[in-house]
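S.K.: The structure file run-v3.tsv (TSV, C-alpha atoms) is provided below.
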```tsv
chain	number	residue	atom	x	y	z
T	47	MET	CA	-127.42	61.36	-19.24
T	48	GLN	CA	-123.78	61.33	-18.12
T	49	TYR	CA	-124.03	64.00	-15.42
T	50	ILE	CA	-126.37	66.31	-13.54
T	51	SER	CA	-125.65	69.78	-12.21
T	52	ILE	CA	-126.21	71.19	-8.74
T	53	PRO	CA	-126.56	75.01	-8.86
T	54	THR	CA	-124.49	75.75	-5.76
T	55	SER	CA	-123.68	79.21	-7.16
T	56	ALA	CA	-127.24	80.14	-6.19
T	57	PHE	CA	-126.15	79.72	-2.56
T	58	GLY	CA	-123.18	82.07	-2.77
T	59	PHE	CA	-120.48	79.71	-4.02
T	60	ASP	CA	-118.41	80.67	-7.08
T	61	TYR	CA	-119.02	77.33	-8.75
T	62	ASP	CA	-121.68	74.76	-9.55
T	63	ILE	CA	-121.21	71.03	-9.04
T	64	GLU	CA	-121.23	68.50	-11.84
T	65	LEU	CA	-122.07	64.92	-10.79
T	66	HIS	CA	-121.24	62.20	-13.28
T	67	ASP	CA	-123.28	59.01	-13.37
T	68	TRP	CA	-122.76	55.58	-11.83
T	69	HIS	CA	-120.95	54.24	-14.86
T	70	SER	CA	-118.42	57.07	-14.50
T	71	LYS	CA	-117.82	56.13	-10.83
T	72	LEU	CA	-119.89	59.13	-9.64
T	73	GLN	CA	-116.96	61.49	-10.17
T	74	ALA	CA	-117.86	65.08	-9.30
T	75	TYR	CA	-116.37	68.42	-10.26
T	76	ARG	CA	-116.56	72.05	-9.25
T	77	VAL	CA	-117.41	73.98	-12.40
T	78	PHE	CA	-116.28	77.61	-12.44
T	79	LYS	CA	-117.16	80.34	-14.91
T	80	THR	CA	-113.66	81.80	-15.02
T	81	LYS	CA	-111.36	78.77	-14.79
T	82	ALA	CA	-111.11	75.06	-15.47
T	83	LYS	CA	-113.25	72.68	-13.42
T	84	GLU	CA	-111.75	70.94	-10.40
T	85	LEU	CA	-112.28	67.45	-9.00
T	86	LEU	CA	-114.49	67.37	-5.91
T	87	GLU	CA	-112.34	65.68	-3.26
T	88	GLY	CA	-115.03	64.79	-0.73
T	89	GLY	CA	-118.73	64.61	-0.03
T	90	LEU	CA	-121.41	67.13	-0.89
T	91	GLY	CA	-122.79	67.81	2.57
T	92	LEU	CA	-126.13	68.23	0.77
T	93	GLY	CA	-128.97	65.92	-0.18
T	94	PHE	CA	-130.00	65.24	-3.75
T	95	ASP	CA	-133.30	67.04	-3.07
T	96	ILE	CA	-131.48	70.27	-3.85
T	97	ILE	CA	-131.70	69.27	-7.52
T	98	HIS	CA	-134.99	70.67	-8.82
T	99	ASP	CA	-134.95	69.01	-12.24
T	100	GLU	CA	-136.76	65.85	-11.13
T	101	GLN	CA	-136.65	64.17	-14.54
T	102	CYS	CA	-132.87	64.55	-14.82
T	103	LEU	CA	-132.42	63.43	-11.20
T	104	ASP	CA	-134.60	60.36	-11.72
T	105	ASP	CA	-132.66	59.40	-14.83
T	106	TRP	CA	-129.36	59.85	-12.99
T	107	LEU	CA	-130.51	57.84	-9.96
T	108	SER	CA	-131.96	55.04	-12.12
T	109	LYS	CA	-128.42	53.92	-13.01
T	110	ILE	CA	-127.52	53.35	-9.35
T	111	PRO	CA	-128.40	49.93	-7.84
T	112	THR	CA	-131.64	50.24	-5.88
T	113	ALA	CA	-130.22	48.48	-2.82
T	114	TYR	CA	-127.50	51.14	-2.51
T	115	LEU	CA	-130.03	53.97	-2.74
T	116	GLU	CA	-132.18	52.36	-0.06
T	117	GLN	CA	-129.24	51.93	2.30
T	118	THR	CA	-128.13	55.56	1.93
T	119	GLN	CA	-131.36	57.55	1.81
T	120	ALA	CA	-131.48	57.98	5.61
T	121	PHE	CA	-128.24	59.99	5.41
T	122	PRO	CA	-128.85	62.73	2.82
T	123	GLU	CA	-125.79	64.80	3.77
T	124	HIS	CA	-123.57	61.72	3.27
T	125	GLN	CA	-125.50	59.98	0.51
T	126	TYR	CA	-123.30	61.08	-2.37
T	127	GLN	CA	-120.07	60.08	-0.59
T	128	LEU	CA	-121.53	56.73	0.48
T	129	LEU	CA	-122.55	56.00	-3.11
T	130	TRP	CA	-119.17	57.20	-4.40
T	131	LEU	CA	-117.44	54.70	-2.12
T	132	ALA	CA	-119.71	51.91	-3.35
T	133	ALA	CA	-119.10	52.91	-6.98
T	134	ASN	CA	-115.35	52.86	-6.53
T	135	SER	CA	-114.85	49.77	-4.38
T	136	ASP	CA	-116.48	46.36	-4.22
T	137	VAL	CA	-115.36	46.10	-0.58
T	138	ALA	CA	-117.10	49.38	0.29
T	139	ALA	CA	-120.18	48.30	-1.67
T	140	GLN	CA	-120.35	45.05	0.33
T	141	LEU	CA	-119.93	47.00	3.58
T	142	LEU	CA	-122.79	49.31	2.55
T	143	ILE	CA	-125.07	46.28	2.35
T	144	THR	CA	-123.86	44.36	5.40
T	145	ARG	CA	-122.99	47.05	7.97
T	146	PRO	CA	-123.85	50.44	6.45
T	147	LEU	CA	-123.33	52.25	9.75
T	148	LEU	CA	-119.58	51.64	9.50
T	149	LEU	CA	-119.49	53.36	6.12
T	150	VAL	CA	-121.58	56.24	7.53
T	151	LEU	CA	-119.09	56.65	10.40
T	152	ILE	CA	-116.27	56.76	7.85
T	153	CYS	CA	-118.06	59.52	5.94
T	154	GLU	CA	-118.67	61.39	9.19
T	155	HIS	CA	-114.92	61.32	9.83
T	156	TYR	CA	-113.66	62.03	6.30
T	157	THR	CA	-116.33	64.31	4.86
T	158	VAL	CA	-113.92	66.19	2.58
T	159	ASP	CA	-111.51	63.39	1.71
T	160	ASN	CA	-112.87	60.62	-0.50
T	161	GLN	CA	-109.49	58.95	-0.89
T	162	MET	CA	-108.96	58.58	2.86
T	163	ALA	CA	-112.54	57.40	3.26
T	164	LEU	CA	-111.92	54.84	0.51
T	165	ALA	CA	-108.66	53.66	2.11
T	166	VAL	CA	-110.29	53.16	5.51
T	167	SER	CA	-113.25	51.32	3.97
T	168	GLN	CA	-110.81	48.64	2.73
T	169	LEU	CA	-109.78	47.72	6.28
T	170	GLY	CA	-111.29	44.98	8.39
T	171	GLN	CA	-114.40	46.07	10.27
T	172	ARG	CA	-112.77	46.12	13.70
T	173	GLN	CA	-109.84	48.00	12.17
T	174	ILE	CA	-112.27	50.57	10.81
T	175	LEU	CA	-113.65	51.17	14.31
T	176	HIS	CA	-110.12	51.47	15.69
T	177	CYS	CA	-109.08	53.90	12.96
T	178	LEU	CA	-112.10	56.10	13.67
T	179	GLY	CA	-111.40	56.16	17.40
T	180	TYR	CA	-114.22	53.85	18.51
T	181	ASP	CA	-114.12	50.68	20.55
T	182	ASP	CA	-112.96	47.93	18.20
T	183	THR	CA	-114.22	44.76	19.87
T	184	LYS	CA	-116.49	42.05	18.51
T	185	SER	CA	-119.03	43.21	21.09
T	186	ALA	CA	-119.09	46.64	19.47
T	187	LEU	CA	-119.93	45.07	16.10
T	188	LYS	CA	-122.66	42.95	17.73
T	189	PHE	CA	-124.12	46.12	19.25
T	190	ILE	CA	-124.20	47.75	15.81
T	191	ASP	CA	-126.10	44.75	14.47
T	192	LYS	CA	-128.71	45.11	17.23
T	193	LEU	CA	-129.59	48.68	16.28
T	194	THR	CA	-133.06	49.20	14.77
T	195	LEU	CA	-132.75	52.94	14.22
T	196	THR	CA	-134.20	54.87	11.30
T	197	TYR	CA	-131.72	57.76	11.63
T	198	GLU	CA	-134.53	60.21	10.88
T	199	ARG	CA	-133.29	62.28	13.83
T	200	ASN	CA	-129.78	63.72	13.91
T	201	LEU	CA	-129.52	62.67	17.55
T	202	GLU	CA	-129.71	58.99	16.67
T	203	LEU	CA	-126.26	58.92	15.08
T	204	GLU	CA	-124.83	61.07	17.88
T	205	HIS	CA	-126.18	58.64	20.48
T	206	VAL	CA	-124.60	55.70	18.64
T	207	LYS	CA	-121.21	57.42	18.46
T	208	LYS	CA	-121.40	58.12	22.18
T	209	GLN	CA	-122.20	54.45	22.88
T	210	LEU	CA	-119.17	53.30	20.85
T	211	ASP	CA	-116.71	55.62	22.60
T	212	LYS	CA	-113.64	53.51	23.36
T	213	HIS	CA	-113.15	55.02	26.80
T	214	CYS	CA	-116.71	54.53	28.08
T	215	ARG	CA	-117.86	51.50	26.04
T	216	ARG	CA	-121.37	52.30	27.19
T	217	TYR	CA	-122.90	49.96	24.60
T	218	ARG	CA	-122.05	47.00	26.86
T	219	ALA	CA	-125.08	47.92	29.01
T	220	PHE	CA	-127.21	46.58	26.13
T	221	ASN	CA	-125.61	43.12	26.10
T	222	HIS	CA	-128.85	41.42	27.09
T	223	TYR	CA	-131.08	43.38	24.70
T	224	PRO	CA	-132.24	41.42	21.65
T	225	SER	CA	-132.47	44.73	19.76
T	226	VAL	CA	-131.82	48.39	20.52
T	227	ASN	CA	-134.27	51.03	19.28
T	228	TYR	CA	-134.23	54.82	19.56
T	229	VAL	CA	-136.22	54.85	22.80
T	230	ALA	CA	-133.77	52.48	24.48
T	231	ILE	CA	-130.72	54.44	23.39
T	232	SER	CA	-132.17	57.89	24.18
T	233	LEU	CA	-133.48	56.65	27.54
T	234	ASP	CA	-129.96	55.47	28.32
T	235	ASN	CA	-128.69	58.94	27.49
T	236	LYS	CA	-131.07	60.55	30.01
T	237	TYR	CA	-131.62	57.78	32.60
T	238	PRO	CA	-128.65	55.39	32.31
T	239	PHE	CA	-129.58	53.64	35.55
T	240	LEU	CA	-132.61	52.11	33.79
T	241	THR	CA	-130.69	50.41	30.97
T	242	GLY	CA	-130.76	46.65	31.42
T	243	THR	CA	-133.54	46.75	34.03
T	244	LYS	CA	-136.99	45.24	33.55
T	245	LEU	CA	-138.52	48.72	33.55
T	246	GLY	CA	-136.03	49.98	30.95
T	247	LEU	CA	-136.89	47.08	28.67
T	248	ALA	CA	-140.63	47.68	29.20
T	249	ILE	CA	-140.29	51.33	28.23
T	250	ALA	CA	-138.29	50.49	25.09
T	251	SER	CA	-140.81	47.88	23.97
T	252	GLU	CA	-143.96	50.01	24.40
T	253	ASN	CA	-145.72	51.45	21.33
T	254	GLN	CA	-145.27	55.13	20.47
T	255	LEU	CA	-148.28	56.43	22.38
T	256	GLY	CA	-147.52	54.23	25.37
T	257	ARG	CA	-143.88	55.33	25.44
T	258	ARG	CA	-144.85	58.99	25.79
T	259	ALA	CA	-147.04	58.19	28.79
T	260	LEU	CA	-144.30	56.02	30.29
T	261	ARG	CA	-141.60	58.65	29.96
T	262	SER	CA	-143.85	61.41	31.28
T	263	CYS	CA	-144.73	59.29	34.31
T	264	LEU	CA	-141.07	58.38	34.81
T	265	SER	CA	-139.89	61.98	34.74
T	266	ASP	CA	-142.63	63.09	37.13
T	267	THR	CA	-141.95	60.19	39.53
T	268	LEU	CA	-138.25	61.02	39.77
T	269	ALA	CA	-139.05	64.71	40.38
T	270	LEU	CA	-141.49	63.71	43.13
T	271	GLY	CA	-138.85	61.51	44.73
T	272	VAL	CA	-136.42	64.42	44.86
T	273	GLU	CA	-139.11	66.74	46.24
T	274	LEU	CA	-139.98	64.23	48.98
T	275	GLY	CA	-136.35	63.69	49.93
T	276	VAL	CA	-136.38	60.01	48.97
T	277	ASN	CA	-132.91	58.47	49.26
T	278	ASP	CA	-131.77	57.80	45.67
T	279	PRO	CA	-135.15	57.86	43.84
T	280	GLY	CA	-133.44	56.64	40.67
T	281	LYS	CA	-132.40	53.41	42.38
T	282	ARG	CA	-135.91	52.97	43.76
T	283	VAL	CA	-137.42	53.39	40.29
T	284	SER	CA	-134.87	51.06	38.68
T	285	GLN	CA	-136.10	48.24	40.94
T	286	LEU	CA	-139.56	48.33	39.32
T	287	SER	CA	-140.58	45.76	36.74
T	288	SER	CA	-143.42	47.33	34.78
T	289	PHE	CA	-145.33	50.45	33.91
T	290	ALA	CA	-148.10	49.37	36.32
T	291	GLU	CA	-145.58	49.37	39.18
T	292	LEU	CA	-144.27	52.75	38.10
T	293	GLU	CA	-147.79	54.19	38.07
T	294	HIS	CA	-148.45	52.76	41.53
T	295	LEU	CA	-145.27	54.31	42.95
T	296	HIS	CA	-146.07	57.58	41.18
T	297	GLN	CA	-149.49	57.73	42.82
T	298	GLN	CA	-148.04	56.81	46.23
T	299	TRP	CA	-145.58	59.69	46.04
T	300	ILE	CA	-148.27	62.09	44.81
T	301	ASN	CA	-150.43	61.18	47.79
T	302	ARG	CA	-147.49	61.64	50.16
T	303	ARG	CA	-146.68	65.05	48.67
T	304	ASN	CA	-150.32	66.13	48.85
T	305	ASP	CA	-150.56	65.04	52.49
T	306	ILE	CA	-147.50	67.15	53.30
T	307	ARG	CA	-148.89	70.15	51.43
T	308	ARG	CA	-152.31	69.72	53.01
T	309	GLU	CA	-150.84	69.89	56.50
T	310	LYS	CA	-148.45	72.72	55.67
T	311	LEU	CA	-151.10	74.88	54.00
T	312	ARG	CA	-154.05	73.81	56.10
T	313	PRO	CA	-156.04	76.93	57.20
T	314	VAL	CA	-157.14	77.36	60.82
T	315	ASP	CA	-160.80	76.91	59.88
T	316	ALA	CA	-160.19	73.86	57.69
T	317	ASP	CA	-162.49	71.69	59.80
T	318	LYS	CA	-165.46	73.96	59.25
T	319	PRO	CA	-167.97	72.25	56.90
T	320	TYR	CA	-169.15	74.08	53.80
T	321	SER	CA	-172.75	75.13	53.38
T	322	ILE	CA	-174.56	72.84	50.93
T	323	LEU	CA	-176.67	75.24	48.90
T	324	VAL	CA	-177.46	72.73	46.14
T	325	PRO	CA	-177.88	68.99	46.78
T	326	ASP	CA	-175.73	66.49	44.91
T	327	GLU	CA	-176.96	65.01	41.68
T	328	ALA	CA	-175.86	61.92	39.80
T	329	ASN	CA	-172.98	63.71	38.08
T	330	PHE	CA	-172.69	67.00	39.98
T	331	VAL	CA	-171.07	66.50	43.39
T	332	ALA	CA	-170.74	69.39	45.84
T	333	ILE	CA	-167.40	69.91	47.58
T	334	LYS	CA	-168.27	69.73	51.28
T	335	ASN	CA	-165.08	70.62	53.17
T	336	TYR	CA	-161.50	71.82	52.84
T	337	ASP	CA	-160.02	68.32	52.51
T	338	GLU	CA	-162.30	67.58	49.55
T	339	LEU	CA	-161.42	70.96	48.03
T	340	PHE	CA	-157.69	70.34	48.41
T	341	THR	CA	-158.01	66.85	46.93
T	342	GLU	CA	-159.97	68.25	43.97
T	343	GLY	CA	-157.18	70.71	43.24
T	344	ALA	CA	-154.46	68.08	43.68
T	345	GLU	CA	-156.17	65.59	41.36
T	346	GLN	CA	-156.96	68.21	38.73
T	347	HIS	CA	-153.64	70.06	39.02
T	348	HIS	CA	-155.18	73.49	39.54
T	349	CYS	CA	-155.52	75.97	42.41
T	350	ILE	CA	-159.18	75.65	43.39
T	351	ALA	CA	-158.07	75.33	47.06
T	352	VAL	CA	-157.42	79.10	47.20
T	353	TYR	CA	-161.20	79.61	47.20
T	354	HIS	CA	-161.56	78.09	50.70
T	355	THR	CA	-162.01	81.43	52.50
T	356	ARG	CA	-164.63	82.60	50.02
T	357	ILE	CA	-166.51	79.30	50.32
T	358	VAL	CA	-166.51	79.43	54.14
T	359	SER	CA	-167.81	83.00	54.01
T	360	GLY	CA	-170.64	81.93	51.70
T	361	HIS	CA	-169.46	83.77	48.56
T	362	TYR	CA	-168.49	80.74	46.51
T	363	CYS	CA	-169.28	77.06	46.03
T	364	VAL	CA	-167.55	74.30	44.10
T	365	PHE	CA	-168.79	71.17	42.37
T	366	SER	CA	-167.01	68.24	40.76
T	367	LEU	CA	-168.23	66.68	37.52
T	368	PRO	CA	-166.66	63.29	36.66
T	369	GLN	CA	-168.43	62.65	33.34
T	370	PRO	CA	-168.39	63.15	30.36
T	371	GLN	CA	-165.24	65.14	31.12
T	372	ARG	CA	-163.62	65.50	34.53
T	373	VAL	CA	-164.06	69.17	35.41
T	374	THR	CA	-164.28	71.44	38.45
T	375	ILE	CA	-167.16	73.93	38.52
T	376	GLY	CA	-166.94	77.20	40.46
T	377	ILE	CA	-170.00	79.37	41.23
T	378	LYS	CA	-169.91	82.97	42.52
T	379	LEU	CA	-172.52	83.96	45.08
T	380	ASN	CA	-173.26	87.66	45.60
T	381	LYS	CA	-175.41	87.85	48.73
T	382	PRO	CA	-176.22	91.61	48.66
T	383	THR	CA	-177.49	91.53	45.07
T	384	GLY	CA	-178.66	87.92	44.96
T	385	ILE	CA	-176.73	87.40	41.71
T	386	ILE	CA	-175.41	83.89	41.07
T	387	GLU	CA	-172.75	83.47	38.37
T	388	LEU	CA	-171.06	80.49	36.79
T	389	ASP	CA	-167.42	81.48	37.35
T	390	GLN	CA	-165.36	78.61	35.93
T	391	ILE	CA	-165.41	75.17	34.33
T	392	ALA	CA	-161.87	73.89	34.66
T	393	GLY	CA	-160.53	70.60	33.32
T	394	LEU	CA	-157.24	68.92	34.12
T	395	ARG	CA	-154.56	71.62	34.48
T	396	ASN	CA	-157.24	74.23	33.76
T	397	ALA	CA	-158.02	72.75	30.35
T	398	LEU	CA	-161.07	74.15	28.60
T	399	PRO	CA	-164.23	72.02	28.69
T	400	THR	CA	-165.46	70.23	25.61
T	401	THR	CA	-168.60	71.53	23.92
T	402	GLU	CA	-170.56	68.57	25.29
T	403	THR	CA	-169.38	69.22	28.85
T	404	ARG	CA	-169.96	72.97	28.63
T	405	GLU	CA	-173.54	72.54	27.39
T	406	LEU	CA	-174.25	69.99	30.13
T	407	VAL	CA	-172.95	72.35	32.83
T	408	TYR	CA	-174.86	75.34	31.41
T	409	SER	CA	-178.08	73.35	31.41
T	410	TRP	CA	-177.51	72.17	34.99
T	411	PHE	CA	-176.61	75.66	36.20
T	412	GLU	CA	-179.70	77.29	34.68
T	413	ARG	CA	-181.83	74.71	36.42
T	414	VAL	CA	-180.27	74.82	39.90
T	415	LYS	CA	-179.83	78.58	40.20
T	416	LYS	CA	-183.61	78.91	40.25
T	417	VAL	CA	-183.77	76.97	43.50
T	418	LEU	CA	-180.43	77.93	45.00
T	419	LYS	CA	-180.93	79.89	48.25
T	420	LEU	CA	-178.31	82.41	49.35
T	421	GLN	CA	-177.88	82.32	53.13
```
Could you express the structure from this file as structure tokens?
M.R.:
Amino acid sequence: MQYISIPTSAFGFDYDIELHDWHSKLQAYRVFKTKAKELLEGGLGLGFDIIHDEQCLDDWLSKIPTAYLEQTQAFPEHQYQLLWLAANSDVAAQLLITRPLLLVLICEHYTVDNQMALAVSQLGQRQILHCLGYDDTKSALKFIDKLTLTYERNLELEHVKKQLDKHCRRYRAFNHYPSVNYVAISLDNKYPFLTGTKLGLAIASENQLGRRALRSCLSDTLALGVELGVNDPGKRVSQLSSFAELEHLHQQWINRRNDIRREKLRPVDADKPYSILVPDEANFVAIKNYDELFTEGAEQHHCIAVYHTRIVSGHYCVFSLPQPQRVTIGIKLNKPTGIIELDQIAGLRNALPTTETRELVYSWFERVKKVLKLQ
């Protein structure tokens, strides 16, 4: 097969596109119904997945060197133009294998002009960077070689372009990194003060699940620092060396914030002990005073502390269950009617209990309400 067709007329254009094969240098044409076809001067801006005839597409692709297809598949909107450059220039083909990102940056800049893209691809690699408006040092090329990005996200390429900006030359912050992955480069975009620090390197090297926990803890720690009025919390965090140190600081600042809130919100009768209507069991621990109630709410990130007045007046009691799921249990006490109700089983941030936890609490509640005495 010498060419395949892309039915762009189905998307509102007044032409379809005719792509000739590798042996014809991947020349492409706009094919009109009412006039002669025209040469396509630039890229497609579309991926080959728009072609629904899989057999024809497979036959067409089979003539293209596999290595070129592998190097270009991460950039579907530029893939045709990248392959066109490789088909029409040995220099461009070599660049596609050795430093494909440079060819991608060329296509980003000259999306509708294959001839200009071809001319620029013939330059030296530092000249290419200069021509495209990026920093053109050897260090910039070394940074490119350190990148271990998949380019599955559009942001990845945008981050790289920002790093290579000739005015900022931000990429130099990664001089001591053996490699630069997406986490490192996106972290630099949000928290530049961490790049090059031991903590920044630890975050970038964690596995996917660990990275999410790290970044969540990091964001929360910085917010806590601002809330507490810490002088330059970013600098304080950047001095840490590991996730363990970050977690320790995070917990310290949580405790400090909770102490402040406890004193600010502390009710006048906070020292009054709660009535213990049901004795503790191995897993079911009664909350015995306001400080325990406040701590329960702080640890579980919910508002159980607002029940203090009702507990003091004997209309409510609260229990903590650590296993099999950490939950807070609230029980309503109606003295006039003698009715006792299970009001809530709240997990972390009011999460619903698991089936196992719910059945355990129900069983416990049915047992203890038979002996619970309303005072």
S.K.: Around (-117.9, 53.2, 8.3) in the file's own coordinates, what residues are found within 12 Å if you use all atoms listed in the file, given back as a PDB file with C-alpha atoms, keeping the file's coordinate frame?
M.R.:
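Here's the written file out-v4.pdb:
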```pdb
ATOM      1  CA  HIS T 124    -123.570  61.720   3.270  1.00  0.00           C
ATOM      2  CA  GLN T 127    -120.070  60.080  -0.590  1.00  0.00           C
ATOM      3  CA  LEU T 128    -121.530  56.730   0.480  1.00  0.00           C
ATOM      4  CA  LEU T 131    -117.440  54.700  -2.120  1.00  0.00           C
ATOM      5  CA  ALA T 132    -119.710  51.910  -3.350  1.00  0.00           C
ATOM      6  CA  VAL T 137    -115.360  46.100  -0.580  1.00  0.00           C
ATOM      7  CA  ALA T 138    -117.100  49.380   0.290  1.00  0.00           C
ATOM      8  CA  ALA T 139    -120.180  48.300  -1.670  1.00  0.00           C
ATOM      9  CA  GLN T 140    -120.350  45.050   0.330  1.00  0.00           C
ATOM     10  CA  LEU T 141    -119.930  47.000   3.580  1.00  0.00           C
ATOM     11  CA  LEU T 142    -122.790  49.310   2.550  1.00  0.00           C
ATOM     12  CA  ILE T 143    -125.070  46.280   2.350  1.00  0.00           C
ATOM     13  CA  THR T 144    -123.860  44.360   5.400  1.00  0.00           C
ATOM     14  CA  ARG T 145    -122.990  47.050   7.970  1.00  0.00           C
ATOM     15  CA  PRO T 146    -123.850  50.440   6.450  1.00  0.00           C
ATOM     16  CA  LEU T 147    -123.330  52.250   9.750  1.00  0.00           C
ATOM     17  CA  LEU T 148    -119.580  51.640   9.500  1.00  0.00           C
ATOM     18  CA  LEU T 149    -119.490  53.360   6.120  1.00  0.00           C
ATOM     19  CA  VAL T 150    -121.580  56.240   7.530  1.00  0.00           C
ATOM     20  CA  LEU T 151    -119.090  56.650  10.400  1.00  0.00           C
ATOM     21  CA  ILE T 152    -116.270  56.760   7.850  1.00  0.00           C
ATOM     22  CA  CYS T 153    -118.060  59.520   5.940  1.00  0.00           C
ATOM     23  CA  GLU T 154    -118.670  61.390   9.190  1.00  0.00           C
ATOM     24  CA  HIS T 155    -114.920  61.320   9.830  1.00  0.00           C
ATOM     25  CA  TYR T 156    -113.660  62.030   6.300  1.00  0.00           C
ATOM     26  CA  THR T 157    -116.330  64.310   4.860  1.00  0.00           C
ATOM     27  CA  MET T 162    -108.960  58.580   2.860  1.00  0.00           C
ATOM     28  CA  ALA T 163    -112.540  57.400   3.260  1.00  0.00           C
ATOM     29  CA  LEU T 164    -111.920  54.840   0.510  1.00  0.00           C
ATOM     30  CA  ALA T 165    -108.660  53.660   2.110  1.00  0.00           C
ATOM     31  CA  VAL T 166    -110.290  53.160   5.510  1.00  0.00           C
ATOM     32  CA  SER T 167    -113.250  51.320   3.970  1.00  0.00           C
ATOM     33  CA  GLN T 168    -110.810  48.640   2.730  1.00  0.00           C
ATOM     34  CA  LEU T 169    -109.780  47.720   6.280  1.00  0.00           C
ATOM     35  CA  GLY T 170    -111.290  44.980   8.390  1.00  0.00           C
ATOM     36  CA  GLN T 171    -114.400  46.070  10.270  1.00  0.00           C
ATOM     37  CA  ARG T 172    -112.770  46.120  13.700  1.00  0.00           C
ATOM     38  CA  GLN T 173    -109.840  48.000  12.170  1.00  0.00           C
ATOM     39  CA  ILE T 174    -112.270  50.570  10.810  1.00  0.00           C
ATOM     40  CA  LEU T 175    -113.650  51.170  14.310  1.00  0.00           C
ATOM     41  CA  HIS T 176    -110.120  51.470  15.690  1.00  0.00           C
ATOM     42  CA  CYS T 177    -109.080  53.900  12.960  1.00  0.00           C
ATOM     43  CA  LEU T 178    -112.100  56.100  13.670  1.00  0.00           C
ATOM     44  CA  GLY T 179    -111.400  56.160  17.400  1.00  0.00           C
ATOM     45  CA  TYR T 180    -114.220  53.850  18.510  1.00  0.00           C
ATOM     46  CA  LEU T 187    -119.930  45.070  16.100  1.00  0.00           C
ATOM     47  CA  ILE T 190    -124.200  47.750  15.810  1.00  0.00           C
ATOM     48  CA  LYS T 207    -121.210  57.420  18.460  1.00  0.00           C
TER      49      LYS T 207
END
```
S.K.: Could you state the separation of atom CA of Glu345 of chain T and atom CA of Asp315 of chain T in Å, given to one decimal place?
M.R.: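 These atoms are spaced 22.2 Å apart.
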S.K.: Could you list, as a list in words, every residue within 10 Å of Glu87 of chain T, counting only C-alpha atoms and ignoring same-chain residues fewer than 2 positions away?
M.R.: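 The contact residues come out as Gln73, Ala74, Tyr75, Arg76, Glu84, Leu85, Gly89, Leu90, Gln127, Thr157, Val158, Asp159, Asn160, Gln161 and Met162 of chain T.
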S.K.: To one decimal place, how far is atom CA of Ile385 of chain T from atom CA of Arg356 of chain T in Å?
M.R.: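 These two atoms are separated by 15.4 Å.
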S.K.: Gly242 of chain T: which residues within 12 Å, counting only C-alpha atoms, same-chain residues fewer than 3 positions away excluded, as a list in words?
M.R.: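 Answer for this query is Arg216, Tyr217, Arg218, Ala219, Phe220, Asn221, His222, Tyr223, Pro224, Ser225, Val226, Ala230, Ile231, Leu233, Asp234, Tyr237, Pro238, Phe239, Leu245, Gly246, Leu247, Ala248, Ile249, Ala250, Ser284, Gln285, Leu286 and Ser287 of chain T.
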S.K.: Using only C-alpha atoms, pick whichever of T:Phe289, T:Phe59, T:Phe189, T:Phe411 has the shortest atom-to-atom distance to Lys244 of chain T.
M.R.: T:Phe289
S.K.: Can you list, as a ChimeraX atom specification, every protein, DNA or RNA residue that comes within 10 Å of Lys415 of chain T when you count all atoms listed in the file, leaving out same-chain residues fewer than 3 positions away?
M.R.: /T:323-324,377,385-388,410-412,418-419
S.K.: Take the selection from the previous step and output its residues with C-alpha atoms, as an mmCIF file, in the coordinates of the input.
M.R.:
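The result, stored in result_22.cif:
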```cif
data_model
loop_
_atom_site.group_PDB
_atom_site.id
_atom_site.type_symbol
_atom_site.label_atom_id
_atom_site.label_comp_id
_atom_site.auth_asym_id
_atom_site.auth_seq_id
_atom_site.Cartn_x
_atom_site.Cartn_y
_atom_site.Cartn_z
ATOM 1 C CA LEU T 323 -176.670 75.240 48.900
ATOM 2 C CA VAL T 324 -177.460 72.730 46.140
ATOM 3 C CA ILE T 377 -170.000 79.370 41.230
ATOM 4 C CA ILE T 385 -176.730 87.400 41.710
ATOM 5 C CA ILE T 386 -175.410 83.890 41.070
ATOM 6 C CA GLU T 387 -172.750 83.470 38.370
ATOM 7 C CA LEU T 388 -171.060 80.490 36.790
ATOM 8 C CA TRP T 410 -177.510 72.170 34.990
ATOM 9 C CA PHE T 411 -176.610 75.660 36.200
ATOM 10 C CA GLU T 412 -179.700 77.290 34.680
ATOM 11 C CA LEU T 418 -180.430 77.930 45.000
ATOM 12 C CA LYS T 419 -180.930 79.890 48.250
#
```
S.K.: Any idea what's packed within 8 Å of Trp299 of chain T, counting all atoms listed in the file, ignoring anything in its chain fewer than 5 positions away? Could you give it as an MDAnalysis selection string?
M.R.: chainID T and resid 267 270:271 274
S.K.: What does the structure give for the distance between atom CA of Ala133 of chain T and atom CA of His69 of chain T, in Å to one decimal?
M.R.: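 Computing the Euclidean distance for atom CA of Ala133 of chain T and atom CA of His69 of chain T yields 8.2 Å.
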S.K.: Take the point (-133.3, 58.9, 9.9) in the file's coordinates, draw a sphere of radius 7 Å around it, and report as an MDAnalysis selection string every protein, DNA or RNA residue with an atom inside or on it, counting all atoms listed in the file.
M.R.: chainID T and resid 120:121 196:199
S.K.: Given the choices T:Val364, T:Val77, T:Ile50, T:Leu129, which gets closest to Gln101 of chain T if the distance is worked out from only C-alpha atoms?
M.R.: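 Of the candidates, the smallest distance to Gln101 of chain T is held by T:Ile50.
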S.K.: Looking at only C-alpha atoms, which of T:Ile357, T:Leu292, T:Leu193, T:Val283 is the one that sits closest to Leu260 of chain T?
M.R.: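 Using only C-alpha atoms, the shortest distance to Leu260 of chain T belongs to T:Leu292.
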S.K.: May I ask which of the residues T:Ala82, T:Ile300, T:Val206, T:Ala290 is the closest one to Leu268 of chain T, counting only C-alpha atoms?
M.R.: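 Using only C-alpha atoms, the shortest distance to Leu268 of chain T belongs to T:Ile300.
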